[in-house]
Amino acid sequence: MSLKIGTATLEHGLMLAPMAGVTDRSFRLLCREKGAEYLVSEMVSAKALCYEQKAKRREAALMGTAPLAAISVGEAPMAIQIFGSEPDFMAEAARMLEASSYRGCVSELPPVAIDVNMGCPVRKITSNGEGSALMKNPRLAGEIVSAMTKAVKLPVTVKIRAGWDSDSINAPEMAKILEQSGASLICVHARTKEQLYTPGIDLRVIEQVKRAVSIPVIGNGDITSAEDALTMIEQTGCDGVMVGRGAMGNPWLFAEIAARMEGREFYAPTIDDRLQTALAHLDQMIAHKGDRVGLAEGKKHVSWYLNGLRGAASARAAIMTADSPDAIRRVLETILKENE
Ligand SMILES: Cc1cc2nc3c(=O)[nH]c(=O)nc-3n(C[C@H](O)[C@H](O)[C@H](O)COP(=O)(O)O)c2cc1C
């Protein structure tokens, strides 16, 4: 199974899902190293990017949006995901992303594709008609994709949900409209907006989308093992899989899926490997974001590496109150001893 998106060829179609507040550069690089073949940025507001980049007297240091769209060489191939509901802003943002030259930060590479968020269920987003609210407005969704595909040469891809709620499952119809509007790939998170992230996805929706369009379809939702990924591919015929929460604290999941696809044995990391990786991940976050933010945001990632270990609950509590990387290191040394 190999998948082409613009200039990128993915041998297994293994993608890291966009997750705002989680899939920052440190985590993306780690997942890439562990076998993710394609990365997507955290979602970027199209309007904020346009305003920020055009503001006359804005200090570079105050520019918070463009850094979310910056790509480093080790991350390629990577897509940038934008959200918005106004075709003009979405097209303008797409042009900026294609040019990939920002005030306020350096992007070493342009994205391989531009993805549109039509799945975010957060009220702040949907109340503006953005994210999953577009599932209720297929015409506008199509206009957005048309405006973007006219504005740029890069492939435009779309991430959708099954529908808004159980009475309005419309992913297959949406996918057709998006394909007709010029989309190059559809990723389906097989839950409705109303379901948010409650466990249990509907694989039939992915299969129906796959049958409805001829562009590649990526399945997404609840993949936490190689078995889950293979089952999704077998049951839906999807061209690739996107992994989100399953990779948190377990970036090895991509290597595990790739090994299964190739019929190879997968050697799970030892507890020591896991904890060493957690510390290296924390160091990277501090290097990228500075001592204060890197440590604060890194704590949740370190905690995820403790899933399933003896003493994880008390170690997590100690990590949350730790005031330095060294304090976190000591907590991990203790938990390593407890699990020997
Ligand atoms: C913390 C968090 C942040 C997310 N942020 C985004 C986002 O920025 N853009 C997006 O399309 N989906 C976002 N999602 C949804 C994921 O990309 C994915 O569709 C969802 O988590 C289901 O996949 P999973 O079961 O593998 O996690 C987010 C999910 C989580 C848990």
# chains A, B, ... in the order shown; residues from 1 in each chain; ligands from 1

call {"tool": "closest_atom_pairs", "arguments": {"of": "chain A", "to": "ligand 1", "cutoff": "9 Å", "atoms": "only C-alpha atoms and all ligand atoms", "output": "tab-separated table"}}
result
residue	atom	partner	partner_atom_place_in_ligand_line	distance
A:Leu16	CA	ligand 1	17 (O)	8.1
A:Ala17	CA	ligand 1	17 (O)	4.4
A:Pro18	CA	ligand 1	17 (O)	4.5
A:Met19	CA	ligand 1	5 (N)	3.2
A:Ala20	CA	ligand 1	5 (N)	3.9
A:Gly21	CA	ligand 1	1 (C)	6.2
A:Val22	CA	ligand 1	1 (C)	6.1
A:Thr23	CA	ligand 1	3 (C)	8.2
A:Val40	CA	ligand 1	9 (N)	8.6
A:Ser41	CA	ligand 1	8 (O)	7.5
A:Glu42	CA	ligand 1	8 (O)	4.6
A:Met43	CA	ligand 1	8 (O)	4.0
A:Val44	CA	ligand 1	8 (O)	7.6
A:Gln81	CA	ligand 1	9 (N)	7.0
A:Ile82	CA	ligand 1	9 (N)	8.3
A:Phe83	CA	ligand 1	9 (N)	8.4
A:Asp115	CA	ligand 1	11 (O)	8.5
A:Val116	CA	ligand 1	11 (O)	7.7
A:Asn117	CA	ligand 1	11 (O)	4.9
A:Met118	CA	ligand 1	11 (O)	6.9
A:Gly119	CA	ligand 1	11 (O)	5.6
A:Cys120	CA	ligand 1	12 (N)	5.7
A:Pro121	CA	ligand 1	14 (N)	8.7
A:Gly131	CA	ligand 1	11 (O)	7.9
A:Val158	CA	ligand 1	11 (O)	8.7
A:Lys159	CA	ligand 1	11 (O)	5.9
A:Ile160	CA	ligand 1	11 (O)	7.7
A:Arg161	CA	ligand 1	19 (O)	8.0
A:Cys187	CA	ligand 1	19 (O)	8.7
A:Val188	CA	ligand 1	19 (O)	7.9
A:His189	CA	ligand 1	19 (O)	5.1
A:Ala190	CA	ligand 1	22 (C)	8.0
A:Arg191	CA	ligand 1	22 (C)	8.2
A:Leu196	CA	ligand 1	20 (C)	8.7
A:Tyr197	CA	ligand 1	21 (O)	6.8
A:Pro199	CA	ligand 1	25 (O)	8.1
A:Ile201	CA	ligand 1	25 (O)	8.6
A:Asn220	CA	ligand 1	23 (O)	5.3
A:Gly221	CA	ligand 1	25 (O)	3.7
A:Asp222	CA	ligand 1	25 (O)	3.5
A:Ile223	CA	ligand 1	26 (O)	5.2
A:Thr224	CA	ligand 1	26 (O)	7.3
A:Met242	CA	ligand 1	26 (O)	6.5
A:Val243	CA	ligand 1	26 (O)	4.2
A:Gly244	CA	ligand 1	26 (O)	3.4
A:Arg245	CA	ligand 1	27 (O)	3.7
A:Gly246	CA	ligand 1	26 (O)	5.6
A:Ala247	CA	ligand 1	26 (O)	7.8
A:Met248	CA	ligand 1	27 (O)	8.9

call {"tool": "residues_around", "arguments": {"residues": "Tyr38 in chain A", "least_positions_apart": "4", "cutoff": "12 Å", "atoms": "only C-alpha atoms", "output": "ChimeraX atom specification"}}
result
/A:3-18,28-29,31-34,74-80,111-113,218,240-243,254

call {"tool": "residues_around", "arguments": {"residues": "Ala327 in chain A", "least_positions_apart": "4", "cutoff": "12 Å", "atoms": "only C-alpha atoms", "output": "list in words"}}
result
Leu279, Leu295, Lys299, Ala315, Ala318, Ile319, Met320, Thr321, Ala322, Asp323, Val331, Leu332, Glu333 and Thr334 of chain A

call {"tool": "write_last_selection", "arguments": {"atoms": "N, CA, C and O atoms", "output": "CSV table (one decimal), in the first residue's frame"}}
result
chain,number,residue,atom,x,y,z
A,279,LEU,N,12.3,11.7,28.9
A,279,LEU,CA,13.3,12.8,29.3
A,279,LEU,C,13.8,13.5,28.1
A,279,LEU,O,13.9,14.7,28.1
A,295,LEU,N,8.9,23.3,30.2
A,295,LEU,CA,8.7,22.4,31.4
A,295,LEU,C,7.2,22.3,31.7
A,295,LEU,O,6.7,21.1,31.9
A,299,LYS,N,5.4,18.4,31.0
A,299,LYS,CA,4.9,17.5,32.1
A,299,LYS,C,3.8,16.6,31.6
A,299,LYS,O,3.8,15.4,32.0
A,315,ALA,N,3.4,9.1,40.7
A,315,ALA,CA,4.5,9.7,39.9
A,315,ALA,C,4.0,10.9,39.2
A,315,ALA,O,4.6,11.9,39.1
A,318,ALA,N,3.6,13.8,41.4
A,318,ALA,CA,4.9,14.4,41.7
A,318,ALA,C,5.4,15.2,40.5
A,318,ALA,O,6.0,16.3,40.6
A,319,ILE,N,5.2,14.7,39.3
A,319,ILE,CA,5.7,15.4,38.1
A,319,ILE,C,5.0,16.7,37.9
A,319,ILE,O,5.6,17.8,37.6
A,320,MET,N,3.7,16.8,38.2
A,320,MET,CA,2.9,18.0,38.1
A,320,MET,C,3.4,19.1,39.0
A,320,MET,O,3.3,20.3,38.7
A,321,THR,N,4.0,18.7,40.2
A,321,THR,CA,4.5,19.8,41.1
A,321,THR,C,6.0,20.0,41.0
A,321,THR,O,6.6,20.8,41.7
A,322,ALA,N,6.6,19.2,40.1
A,322,ALA,CA,8.1,19.4,39.9
A,322,ALA,C,8.5,20.7,39.4
A,322,ALA,O,7.7,21.3,38.6
A,323,ASP,N,9.6,21.3,39.9
A,323,ASP,CA,9.9,22.6,39.4
A,323,ASP,C,11.2,22.7,38.6
A,323,ASP,O,11.7,23.8,38.2
A,331,VAL,N,11.9,11.6,39.7
A,331,VAL,CA,10.6,10.8,39.8
A,331,VAL,C,10.7,9.6,38.9
A,331,VAL,O,10.3,8.5,39.2
A,332,LEU,N,11.2,9.8,37.7
A,332,LEU,CA,11.3,8.7,36.7
A,332,LEU,C,12.3,7.6,37.2
A,332,LEU,O,12.0,6.4,37.0
A,333,GLU,N,13.3,8.0,37.9
A,333,GLU,CA,14.3,7.0,38.4
A,333,GLU,C,13.6,6.2,39.5
A,333,GLU,O,13.8,4.9,39.5
A,334,THR,N,12.7,6.8,40.3
A,334,THR,CA,12.0,6.1,41.3
A,334,THR,C,11.0,5.1,40.7
A,334,THR,O,11.0,3.9,41.0

call {"tool": "select_by_dssp", "arguments": {"residues": "range 20-221 of chain A", "states": "alpha helix (DSSP H)", "output": "JSON, numbers by chain"}}
result
{"A": [25, 26, 27, 28, 29, 30, 31, 32, 33, 46, 47, 48, 49, 50, 51, 52, 53, 54, 87, 88, 89, 90, 91, 92, 93, 94, 95, 96, 97, 98, 99, 123, 124, 125, 126, 138, 139, 140, 141, 142, 143, 144, 145, 146, 147, 148, 149, 150, 151, 171, 172, 173, 174, 175, 176, 177, 178, 179, 180, 203, 204, 205, 206, 207, 208, 209, 210, 211, 212]}

call {"tool": "write_last_selection", "arguments": {"atoms": "C-alpha atoms", "output": "CSV table (one decimal), in the first residue's frame"}}
result
chain,number,residue,atom,x,y,z
A,25,ARG,CA,7.5,20.4,16.8
A,26,SER,CA,9.2,18.2,19.5
A,27,PHE,CA,6.4,15.6,19.4
A,28,ARG,CA,6.2,15.7,15.6
A,29,LEU,CA,9.9,15.1,15.2
A,30,LEU,CA,9.8,12.2,17.7
A,31,CYS,CA,6.9,10.6,15.9
A,32,ARG,CA,8.6,11.0,12.5
A,33,GLU,CA,11.7,9.4,14.0
A,46,ALA,CA,-6.5,31.4,8.7
A,47,LYS,CA,-7.8,34.8,9.8
A,48,ALA,CA,-5.2,35.2,12.6
A,49,LEU,CA,-2.4,34.3,10.1
A,50,CYS,CA,-3.6,36.9,7.6
A,51,TYR,CA,-4.1,39.7,10.2
A,52,GLU,CA,-0.8,39.0,11.9
A,53,GLN,CA,1.2,38.9,8.8
A,54,LYS,CA,-0.3,42.0,7.4
A,87,PRO,CA,-13.3,31.4,1.5
A,88,ASP,CA,-11.3,34.6,0.9
A,89,PHE,CA,-9.4,34.3,4.1
A,90,MET,CA,-8.8,30.6,3.6
A,91,ALA,CA,-7.5,31.3,0.1
A,92,GLU,CA,-5.2,34.1,1.3
A,93,ALA,CA,-3.9,32.0,4.2
A,94,ALA,CA,-3.2,29.1,1.7
A,95,ARG,CA,-1.2,31.5,-0.5
A,96,MET,CA,0.9,32.6,2.5
A,97,LEU,CA,1.5,28.9,3.5
A,98,GLU,CA,2.5,28.0,0.0
A,99,ALA,CA,5.0,30.9,-0.1
A,123,ARG,CA,-17.7,25.6,20.8
A,124,LYS,CA,-15.4,28.6,20.3
A,125,ILE,CA,-14.7,27.4,16.8
A,126,THR,CA,-18.1,26.0,15.8
A,138,PRO,CA,-21.5,21.5,2.7
A,139,ARG,CA,-22.0,24.3,0.1
A,140,LEU,CA,-19.7,26.6,2.1
A,141,ALA,CA,-17.3,23.8,2.7
A,142,GLY,CA,-17.1,23.3,-1.1
A,143,GLU,CA,-16.6,27.0,-1.7
A,144,ILE,CA,-13.7,27.1,0.8
A,145,VAL,CA,-12.0,24.3,-1.0
A,146,SER,CA,-12.6,25.7,-4.4
A,147,ALA,CA,-11.2,29.1,-3.4
A,148,MET,CA,-8.1,27.5,-1.9
A,149,THR,CA,-7.5,25.2,-4.9
A,150,LYS,CA,-7.7,28.1,-7.2
A,151,ALA,CA,-5.3,30.1,-5.0
A,171,ALA,CA,-19.5,12.3,5.5
A,172,PRO,CA,-19.9,10.5,2.1
A,173,GLU,CA,-21.9,13.4,0.6
A,174,MET,CA,-19.5,15.9,2.0
A,175,ALA,CA,-16.5,14.0,0.7
A,176,LYS,CA,-18.1,14.0,-2.8
A,177,ILE,CA,-18.6,17.8,-2.7
A,178,LEU,CA,-15.1,18.3,-1.5
A,179,GLU,CA,-13.7,16.1,-4.2
A,180,GLN,CA,-15.6,18.0,-6.8
A,203,LEU,CA,-15.9,2.1,10.6
A,204,ARG,CA,-18.7,1.9,8.1
A,205,VAL,CA,-18.6,5.6,7.6
A,206,ILE,CA,-15.0,5.4,6.5
A,207,GLU,CA,-15.9,2.6,4.1
A,208,GLN,CA,-18.8,4.6,2.7
A,209,VAL,CA,-16.6,7.6,2.1
A,210,LYS,CA,-14.0,5.4,0.4
A,211,ARG,CA,-16.7,4.1,-1.9
A,212,ALA,CA,-18.1,7.7,-2.6

call {"tool": "closest_residue", "arguments": {"among": "A:Gly35, A:Ser132, A:Gly311, A:Cys238", "to": "Lys337 in chain A", "atoms": "only C-alpha atoms"}}
result
A:Gly311

call {"tool": "closest_residue", "arguments": {"among": "A:Val302, A:Ala317, A:Leu253, A:Ile233", "to": "Ala280 in chain A", "atoms": "only C-alpha atoms"}}
result
A:Val302

call {"tool": "residues_around", "arguments": {"residues": "Gly64 in chain A", "least_positions_apart": "3", "cutoff": "10 Å", "atoms": "only C-alpha atoms", "output": "ChimeraX atom specification"}}
result
/A:48-49,52,60-61,67-69,104-105

call {"tool": "closest_residue", "arguments": {"among": "A:Ser324, A:Asn339, A:Asn250, A:Ser107", "to": "Ala36 in chain A", "atoms": "only C-alpha atoms"}}
result
A:Asn250

call {"tool": "atom_distance", "arguments": {"atom1": "CA of Ser184 in chain A", "atom2": "CA of Pro216 in chain A"}}
result
7.3 Å

call {"tool": "atom_distance", "arguments": {"atom1": "CA of Gly163 in chain A", "atom2": "CA of Glu37 in chain A"}}
result
27.5 Å

call {"tool": "residues_around", "arguments": {"residues": "Tyr267 in chain A", "least_positions_apart": "4", "cutoff": "10 Å", "atoms": "only C-alpha atoms", "output": "list in words"}}
result
Trp252, Ala255, Glu256 and Ala259 of chain A

call {"tool": "atom_distance", "arguments": {"atom1": "CA of Ala268 in chain A", "atom2": "CA of Arg330 in chain A"}}
result
23.9 Å
